[in-house]
Amino acid sequence: VIDTHNTNLSSLSSGDVVVGADIGGTNTTVGIVGEHGHQLLKSTFPTGGRGDAADFVGRLTRVIREMLGELSPPVVLRGIGMAAPAANWRTGVVESPANLNWGSVNLVAMVREHFDVPVAITNDANAALLGEMAYGVARGMSNVIMITLGTGLGAGIAVGGTLVQGENGAAGEFGHIIVDAGGRCCGCGRRGCVEAYVSASGLRRTVFELLADRLDESELRQISFNSLTAETVSRLAREGDAIASAAFAMTGEYLGRLLANLVAAFDPEAIVLYGGLVNAGDLLIGPTQRAFDEHALKVSRGRVRLLVSGLNSGQAGVLGASRLVCDVLLGVEGT
Ligand SMILES: [Zn+2]
């Protein structure tokens with residue numbers, strides 16, 4: 001059980017630091033974090049390359065050593081927290097993460113071969129939620145849901161101040177809630193998952209569906225599927241492109257309905273939206289809020305706050321991962 005209510009990094013005294021590492025499909029961000037979540041140093045490097053997980057761990061631990069060596073006066077490393085896609089907090093294993101050619105590897109055990117300190121891991125959405133609860137818009141809250149909107153849709157859940165991770169670390173796979181039986185193919189091998197609609201790639205698919213269905217003039221007709229980005233859709237929507245606006249409206253409708261369903265299950269105080277797609281701002285949040293208000297149970301209507309993360313990309317993951325290992329140091333969770 002990870003209790004998210006401990007005083008911020010209270011297990012650290014001055015001169016003590018922990019490492020928070022946010023391991024993404026493309027980049028890894030490492031932060032050296034001291035007392036009160038103060039980030040002393042930060043570094044980002046590409047996760048992938050053609051190497052295997054051992055190659056990555058070699059580079060990660062080298063970066064950590066270099067960063068620690070740069071700090072003056074010298075600091076004491078107390079622990080390492082990691083956030084990674086498809087991470088199982090209980091076993092330390094990362095199961096064949098998408099975009100990385102690692103297979104199933106025990107990252108915790110591999111990092112511990114380099115550093116004799118407690119090492120903890122959780123998935124990226126859980127770490128972002130921990131970061132948000134410790135330092136962001138969900139500070140002080142006990143019942144919160146975090147939705148991360150990037151290439152896919154991830155989520156973290158806190159109930160009664162405790163992170164809900166599930167038996168296999170797979171709780172909160174809301175991206176694979178089926179919202180359209182027999183609908184779009186999903187990366188998980190099934191059809192109709194909400195992630196196939198509400199994500200950066202889902203948005204692109206919606207754009208192409210709308211282009212086929214409607215006759216509106218649109219700059220989007222000149223762009224190939226592979227070169228289309230969520231940023232472009234967002235820019236064109238702002239410039240008044242009807243297809244781009246409709247794509248965001250449809251995405252928000254699906255997201256709002258999903259949130260209404262989650263509220264029925266968890267009755268949170270707030271839902272925090274985080275990730276690249278959220279940069280679209282009101283283009284996405286507006287229709288999401290409307291659909292949410294329309295579909296939420298009466299008891300929750302007007303009560304559950306929809307918040308946008310204030311922590312920038314990577315930061316929530318780094319702080320959350322550092323927070324995770326602090327809980328381990330406090331003895332809230334065994335290693
Ligand atoms: Zn799926």
# chains A, B, ... in the order shown; residues from 1 in each chain; ligands from 1

call {"tool": "residues_near_ligand", "arguments": {"ligand": "ligand 1", "cutoff": "10 Å", "atoms": "only C-alpha atoms and all ligand atoms", "output": "number ranges by chain"}}
result
A: 152-153, 173-178, 184-196

call {"tool": "residues_around", "arguments": {"residues": "Leu215 in chain A", "least_positions_apart": "4", "cutoff": "10 Å", "atoms": "only C-alpha atoms", "output": "PyMOL selection string"}}
result
chain A and resi 210-211+243

call {"tool": "atom_distance", "arguments": {"atom1": "CA of Met82 in chain A", "atom2": "CA of Ala21 in chain A"}}
result
4.7 Å

call {"tool": "closest_residue", "arguments": {"among": "A:Ile64, A:Ala181, A:Val272, A:Val76", "to": "Ser43 in chain A", "atoms": "only C-alpha atoms"}}
result
A:Ile64

call {"tool": "residues_around", "arguments": {"residues": "range 304-308 of chain A", "least_positions_apart": "3", "cutoff": "7 Å", "atoms": "only C-alpha atoms", "output": "list in words"}}
result
Pro268, Glu269, Ala270, Ile271, Val272, Leu273, Tyr274, Ser300 and Arg301 of chain A

call {"tool": "residues_around", "arguments": {"residues": "range 106-115 of chain A", "least_positions_apart": "3", "cutoff": "9 Å", "atoms": "only C-alpha atoms", "output": "number ranges by chain"}}
result
A: 53-54, 57-58, 60-61, 79-80, 82, 87, 91-95, 118-121

call {"tool": "write_last_selection", "arguments": {"atoms": "C-alpha atoms", "output": "CSV table (one decimal), in the first residue's frame"}}
result
chain,number,residue,atom,x,y,z
A,53,ALA,CA,17.3,-3.1,-21.5
A,54,ALA,CA,20.8,-3.8,-20.1
A,57,VAL,CA,20.2,0.5,-17.5
A,58,GLY,CA,24.0,1.1,-18.2
A,60,LEU,CA,20.7,5.4,-16.9
A,61,THR,CA,23.0,4.5,-14.1
A,79,GLY,CA,16.8,5.7,-3.2
A,80,ILE,CA,15.7,5.6,-6.8
A,82,MET,CA,11.2,4.9,-11.6
A,87,ALA,CA,5.7,-1.5,-15.0
A,91,THR,CA,7.5,-7.5,-9.1
A,92,GLY,CA,9.6,-4.7,-10.5
A,93,VAL,CA,9.1,-6.1,-14.0
A,94,VAL,CA,8.4,-4.0,-17.0
A,95,GLU,CA,6.4,-6.2,-19.5
A,118,PRO,CA,16.0,1.0,-2.3
A,119,VAL,CA,14.6,1.0,-5.8
A,120,ALA,CA,10.9,1.3,-6.6
A,121,ILE,CA,8.9,1.4,-9.8

call {"tool": "residues_around", "arguments": {"residues": "range 320-322 of chain A", "least_positions_apart": "4", "cutoff": "6 Å", "atoms": "only C-alpha atoms", "output": "CSV table (one decimal) with C-alpha atoms, in the first residue's frame"}}
result
chain,number,residue,atom,x,y,z
A,19,VAL,CA,16.4,10.0,-7.9
A,20,GLY,CA,13.2,10.2,-9.9
A,81,GLY,CA,12.2,5.8,-8.0
A,82,MET,CA,11.2,4.9,-11.6
A,83,ALA,CA,8.1,5.5,-13.7
A,127,ALA,CA,3.8,8.3,-10.9
A,128,ALA,CA,2.2,11.3,-12.5
A,130,LEU,CA,1.7,10.8,-7.1
A,131,GLY,CA,3.6,13.9,-8.4
A,316,ALA,CA,5.1,15.0,-12.8

call {"tool": "select_by_dssp", "arguments": {"residues": "range 189-293 of chain A", "states": "alpha helix (DSSP H)", "output": "ChimeraX atom specification"}}
result
/A:200-213,230-238,242-266,282-293

call {"tool": "atom_distance", "arguments": {"atom1": "CA of Trp89 in chain A", "atom2": "CA of Gly154 in chain A"}}
result
15.7 Å

call {"tool": "residues_around", "arguments": {"residues": "Ala200 in chain A", "least_positions_apart": "2", "cutoff": "9 Å", "atoms": "only C-alpha atoms", "output": "number ranges by chain"}}
result
A: 149-153, 197-198, 202-205, 229-230, 276-277

call {"tool": "closest_residue", "arguments": {"among": "A:Leu236, A:Ala86, A:Leu329, A:Ala296", "to": "Asp267 in chain A", "atoms": "only C-alpha atoms"}}
result
A:Ala296

call {"tool": "closest_atom_pairs", "arguments": {"of": "range 266-318 of chain A", "to": "range 249-252 of chain A", "cutoff": "12 Å", "atoms": "only C-alpha atoms", "output": "tab-separated table"}}
result
residue	atom	partner	partner_atom	distance
A:Leu277	CA	A:Thr251	CA	10.5
A:Val278	CA	A:Gly252	CA	10.8
A:Ala280	CA	A:Gly252	CA	11.1
A:Gly281	CA	A:Gly252	CA	11.2
A:Asp282	CA	A:Gly252	CA	10.0
A:Leu283	CA	A:Ala249	CA	7.5
A:Leu284	CA	A:Gly252	CA	5.4
A:Ile285	CA	A:Gly252	CA	6.8
A:Gly286	CA	A:Gly252	CA	7.5
A:Pro287	CA	A:Gly252	CA	4.7
A:Thr288	CA	A:Gly252	CA	4.0
A:Gln289	CA	A:Gly252	CA	7.8
A:Arg290	CA	A:Gly252	CA	8.4
A:Ala291	CA	A:Gly252	CA	7.1
A:Phe292	CA	A:Gly252	CA	8.9
A:Asp293	CA	A:Gly252	CA	11.8

call {"tool": "write_last_selection", "arguments": {"atoms": "N, CA, C and O atoms", "output": "PDB file, in the first residue's frame"}}
result
ATOM      1  N   LEU A 277      -1.857  15.819 -25.337  1.00  0.00           N
ATOM      2  CA  LEU A 277      -3.123  16.181 -25.971  1.00  0.00           C
ATOM      3  C   LEU A 277      -3.831  17.303 -25.202  1.00  0.00           C
ATOM      4  O   LEU A 277      -4.608  18.068 -25.783  1.00  0.00           O
ATOM      5  N   VAL A 278      -3.553  17.407 -23.905  1.00  0.00           N
ATOM      6  CA  VAL A 278      -4.197  18.423 -23.068  1.00  0.00           C
ATOM      7  C   VAL A 278      -3.721  19.831 -23.461  1.00  0.00           C
ATOM      8  O   VAL A 278      -4.395  20.819 -23.182  1.00  0.00           O
ATOM      9  N   ALA A 280      -4.029  21.120 -26.119  1.00  0.00           N
ATOM     10  CA  ALA A 280      -5.059  21.694 -26.986  1.00  0.00           C
ATOM     11  C   ALA A 280      -5.982  22.611 -26.193  1.00  0.00           C
ATOM     12  O   ALA A 280      -6.774  23.356 -26.774  1.00  0.00           O
ATOM     13  N   GLY A 281      -5.900  22.555 -24.876  1.00  0.00           N
ATOM     14  CA  GLY A 281      -6.654  23.467 -24.014  1.00  0.00           C
ATOM     15  C   GLY A 281      -8.149  23.342 -24.189  1.00  0.00           C
ATOM     16  O   GLY A 281      -8.684  22.225 -24.240  1.00  0.00           O
ATOM     17  N   ASP A 282      -8.822  24.484 -24.342  1.00  0.00           N
ATOM     18  CA  ASP A 282     -10.276  24.486 -24.344  1.00  0.00           C
ATOM     19  C   ASP A 282     -10.880  23.762 -25.550  1.00  0.00           C
ATOM     20  O   ASP A 282     -12.030  23.355 -25.517  1.00  0.00           O
ATOM     21  N   LEU A 283     -10.099  23.590 -26.605  1.00  0.00           N
ATOM     22  CA  LEU A 283     -10.591  22.821 -27.752  1.00  0.00           C
ATOM     23  C   LEU A 283     -11.006  21.427 -27.302  1.00  0.00           C
ATOM     24  O   LEU A 283     -11.977  20.854 -27.793  1.00  0.00           O
ATOM     25  N   LEU A 284     -10.263  20.885 -26.354  1.00  0.00           N
ATOM     26  CA  LEU A 284     -10.562  19.547 -25.832  1.00  0.00           C
ATOM     27  C   LEU A 284     -11.374  19.630 -24.538  1.00  0.00           C
ATOM     28  O   LEU A 284     -12.345  18.890 -24.361  1.00  0.00           O
ATOM     29  N   ILE A 285     -10.961  20.525 -23.643  1.00  0.00           N
ATOM     30  CA  ILE A 285     -11.587  20.581 -22.314  1.00  0.00           C
ATOM     31  C   ILE A 285     -13.052  21.027 -22.410  1.00  0.00           C
ATOM     32  O   ILE A 285     -13.905  20.506 -21.703  1.00  0.00           O
ATOM     33  N   GLY A 286     -13.334  21.986 -23.299  1.00  0.00           N
ATOM     34  CA  GLY A 286     -14.709  22.477 -23.457  1.00  0.00           C
ATOM     35  C   GLY A 286     -15.698  21.356 -23.738  1.00  0.00           C
ATOM     36  O   GLY A 286     -16.603  21.110 -22.935  1.00  0.00           O
ATOM     37  N   PRO A 287     -15.536  20.646 -24.866  1.00  0.00           N
ATOM     38  CA  PRO A 287     -16.479  19.558 -25.163  1.00  0.00           C
ATOM     39  C   PRO A 287     -16.434  18.426 -24.126  1.00  0.00           C
ATOM     40  O   PRO A 287     -17.444  17.763 -23.895  1.00  0.00           O
ATOM     41  N   THR A 288     -15.267  18.224 -23.503  1.00  0.00           N
ATOM     42  CA  THR A 288     -15.170  17.178 -22.479  1.00  0.00           C
ATOM     43  C   THR A 288     -16.049  17.549 -21.289  1.00  0.00           C
ATOM     44  O   THR A 288     -16.827  16.733 -20.793  1.00  0.00           O
ATOM     45  N   GLN A 289     -15.913  18.793 -20.844  1.00  0.00           N
ATOM     46  CA  GLN A 289     -16.701  19.251 -19.693  1.00  0.00           C
ATOM     47  C   GLN A 289     -18.198  19.168 -20.012  1.00  0.00           C
ATOM     48  O   GLN A 289     -18.991  18.708 -19.184  1.00  0.00           O
ATOM     49  N   ARG A 290     -18.585  19.573 -21.216  1.00  0.00           N
ATOM     50  CA  ARG A 290     -20.010  19.533 -21.589  1.00  0.00           C
ATOM     51  C   ARG A 290     -20.533  18.102 -21.574  1.00  0.00           C
ATOM     52  O   ARG A 290     -21.594  17.829 -21.010  1.00  0.00           O
ATOM     53  N   ALA A 291     -19.777  17.178 -22.161  1.00  0.00           N
ATOM     54  CA  ALA A 291     -20.236  15.789 -22.212  1.00  0.00           C
ATOM     55  C   ALA A 291     -20.253  15.192 -20.809  1.00  0.00           C
ATOM     56  O   ALA A 291     -21.155  14.422 -20.449  1.00  0.00           O
ATOM     57  N   PHE A 292     -19.276  15.566 -20.021  1.00  0.00           N
ATOM     58  CA  PHE A 292     -19.205  15.082 -18.647  1.00  0.00           C
ATOM     59  C   PHE A 292     -20.427  15.554 -17.861  1.00  0.00           C
ATOM     60  O   PHE A 292     -21.099  14.767 -17.192  1.00  0.00           O
ATOM     61  N   ASP A 293     -20.742  16.857 -17.972  1.00  0.00           N
ATOM     62  CA  ASP A 293     -21.900  17.407 -17.262  1.00  0.00           C
ATOM     63  C   ASP A 293     -23.194  16.727 -17.706  1.00  0.00           C
ATOM     64  O   ASP A 293     -24.094  16.489 -16.914  1.00  0.00           O
TER      65      ASP A 293
END

call {"tool": "decode", "arguments": {"residues": "range 207-219 of chain A", "atoms": "all heavy atoms", "output": "compact mmCIF listing (two decimals), in the first residue's frame"}}
result
# COMPACT_ATOMS: atom_id res chain seq x y z
N VAL A 207 -9.95 12.44 -37.41
CA VAL A 207 -9.82 13.40 -38.50
C VAL A 207 -10.03 12.71 -39.84
O VAL A 207 -10.81 13.17 -40.68
CB VAL A 207 -8.42 14.08 -38.47
CG1 VAL A 207 -8.11 14.77 -39.79
CG2 VAL A 207 -8.33 15.07 -37.32
N PHE A 208 -9.39 11.57 -40.04
CA PHE A 208 -9.50 10.89 -41.33
C PHE A 208 -10.89 10.31 -41.56
O PHE A 208 -11.37 10.25 -42.69
CB PHE A 208 -8.37 9.86 -41.49
CG PHE A 208 -7.13 10.53 -42.01
CD1 PHE A 208 -6.36 11.31 -41.17
CD2 PHE A 208 -6.77 10.44 -43.35
CE1 PHE A 208 -5.23 11.98 -41.65
CE2 PHE A 208 -5.65 11.10 -43.84
CZ PHE A 208 -4.89 11.86 -42.99
N GLU A 209 -11.54 9.90 -40.50
CA GLU A 209 -12.92 9.44 -40.61
C GLU A 209 -13.82 10.59 -41.06
O GLU A 209 -14.66 10.45 -41.95
CB GLU A 209 -13.36 8.92 -39.24
CG GLU A 209 -14.41 7.85 -39.27
CD GLU A 209 -14.61 7.28 -37.87
OE1 GLU A 209 -15.42 7.85 -37.11
OE2 GLU A 209 -13.94 6.28 -37.55
N LEU A 210 -13.61 11.77 -40.44
CA LEU A 210 -14.43 12.94 -40.77
C LEU A 210 -14.15 13.41 -42.20
O LEU A 210 -15.06 13.81 -42.92
CB LEU A 210 -14.15 14.07 -39.78
CG LEU A 210 -14.70 13.86 -38.36
CD1 LEU A 210 -14.10 14.88 -37.39
CD2 LEU A 210 -16.22 13.96 -38.35
N LEU A 211 -12.89 13.34 -42.62
CA LEU A 211 -12.54 13.76 -43.99
C LEU A 211 -13.24 12.88 -45.02
O LEU A 211 -13.68 13.35 -46.07
CB LEU A 211 -11.02 13.70 -44.19
CG LEU A 211 -10.19 14.79 -43.50
CD1 LEU A 211 -8.70 14.50 -43.65
CD2 LEU A 211 -10.52 16.17 -44.06
N ALA A 212 -13.36 11.60 -44.70
CA ALA A 212 -14.02 10.68 -45.62
C ALA A 212 -15.53 10.90 -45.62
O ALA A 212 -16.20 10.71 -46.64
CB ALA A 212 -13.70 9.24 -45.21
N ASP A 213 -16.04 11.33 -44.48
CA ASP A 213 -17.49 11.41 -44.30
C ASP A 213 -18.08 12.74 -44.77
O ASP A 213 -19.25 12.83 -45.11
CB ASP A 213 -17.78 11.19 -42.81
CG ASP A 213 -19.25 10.97 -42.55
OD1 ASP A 213 -19.84 10.16 -43.29
OD2 ASP A 213 -19.81 11.62 -41.65
N ARG A 214 -17.25 13.79 -44.71
CA ARG A 214 -17.77 15.13 -45.00
C ARG A 214 -17.08 15.76 -46.21
O ARG A 214 -16.04 15.29 -46.65
CB ARG A 214 -17.56 16.03 -43.76
CG ARG A 214 -18.39 15.55 -42.59
CD ARG A 214 -18.07 16.25 -41.30
NE ARG A 214 -18.01 17.70 -41.38
CZ ARG A 214 -18.12 18.49 -40.31
NH1 ARG A 214 -18.33 17.98 -39.11
NH2 ARG A 214 -18.03 19.79 -40.45
N LEU A 215 -17.67 16.83 -46.73
CA LEU A 215 -17.13 17.45 -47.93
C LEU A 215 -16.46 18.80 -47.66
O LEU A 215 -16.00 19.46 -48.59
CB LEU A 215 -18.24 17.63 -48.97
CG LEU A 215 -18.81 16.31 -49.50
CD1 LEU A 215 -20.07 16.55 -50.32
CD2 LEU A 215 -17.77 15.56 -50.32
N ASP A 216 -16.40 19.21 -46.40
CA ASP A 216 -15.82 20.52 -46.06
C ASP A 216 -14.42 20.67 -46.66
O ASP A 216 -13.63 19.73 -46.67
CB ASP A 216 -15.66 20.67 -44.54
CG ASP A 216 -16.95 20.47 -43.81
OD1 ASP A 216 -17.48 19.32 -43.86
OD2 ASP A 216 -17.43 21.41 -43.18
N GLU A 217 -14.13 21.88 -47.13
CA GLU A 217 -12.77 22.22 -47.52
C GLU A 217 -11.94 22.19 -46.25
O GLU A 217 -12.40 22.64 -45.21
CB GLU A 217 -12.73 23.66 -48.04
CG GLU A 217 -13.46 23.90 -49.35
CD GLU A 217 -12.51 23.83 -50.52
OE1 GLU A 217 -11.29 23.98 -50.29
OE2 GLU A 217 -12.98 23.59 -51.65
N SER A 218 -10.75 21.63 -46.34
CA SER A 218 -9.91 21.60 -45.15
C SER A 218 -8.46 21.41 -45.54
O SER A 218 -8.15 20.60 -46.43
CB SER A 218 -10.34 20.46 -44.22
OG SER A 218 -9.41 20.32 -43.18
N GLU A 219 -7.60 22.15 -44.89
CA GLU A 219 -6.17 21.99 -45.11
C GLU A 219 -5.73 20.58 -44.76
O GLU A 219 -4.72 20.07 -45.24
CB GLU A 219 -5.42 22.99 -44.20
CG GLU A 219 -4.27 23.69 -44.87
CD GLU A 219 -3.63 24.70 -43.93
OE1 GLU A 219 -4.19 25.81 -43.78
OE2 GLU A 219 -2.59 24.35 -43.34
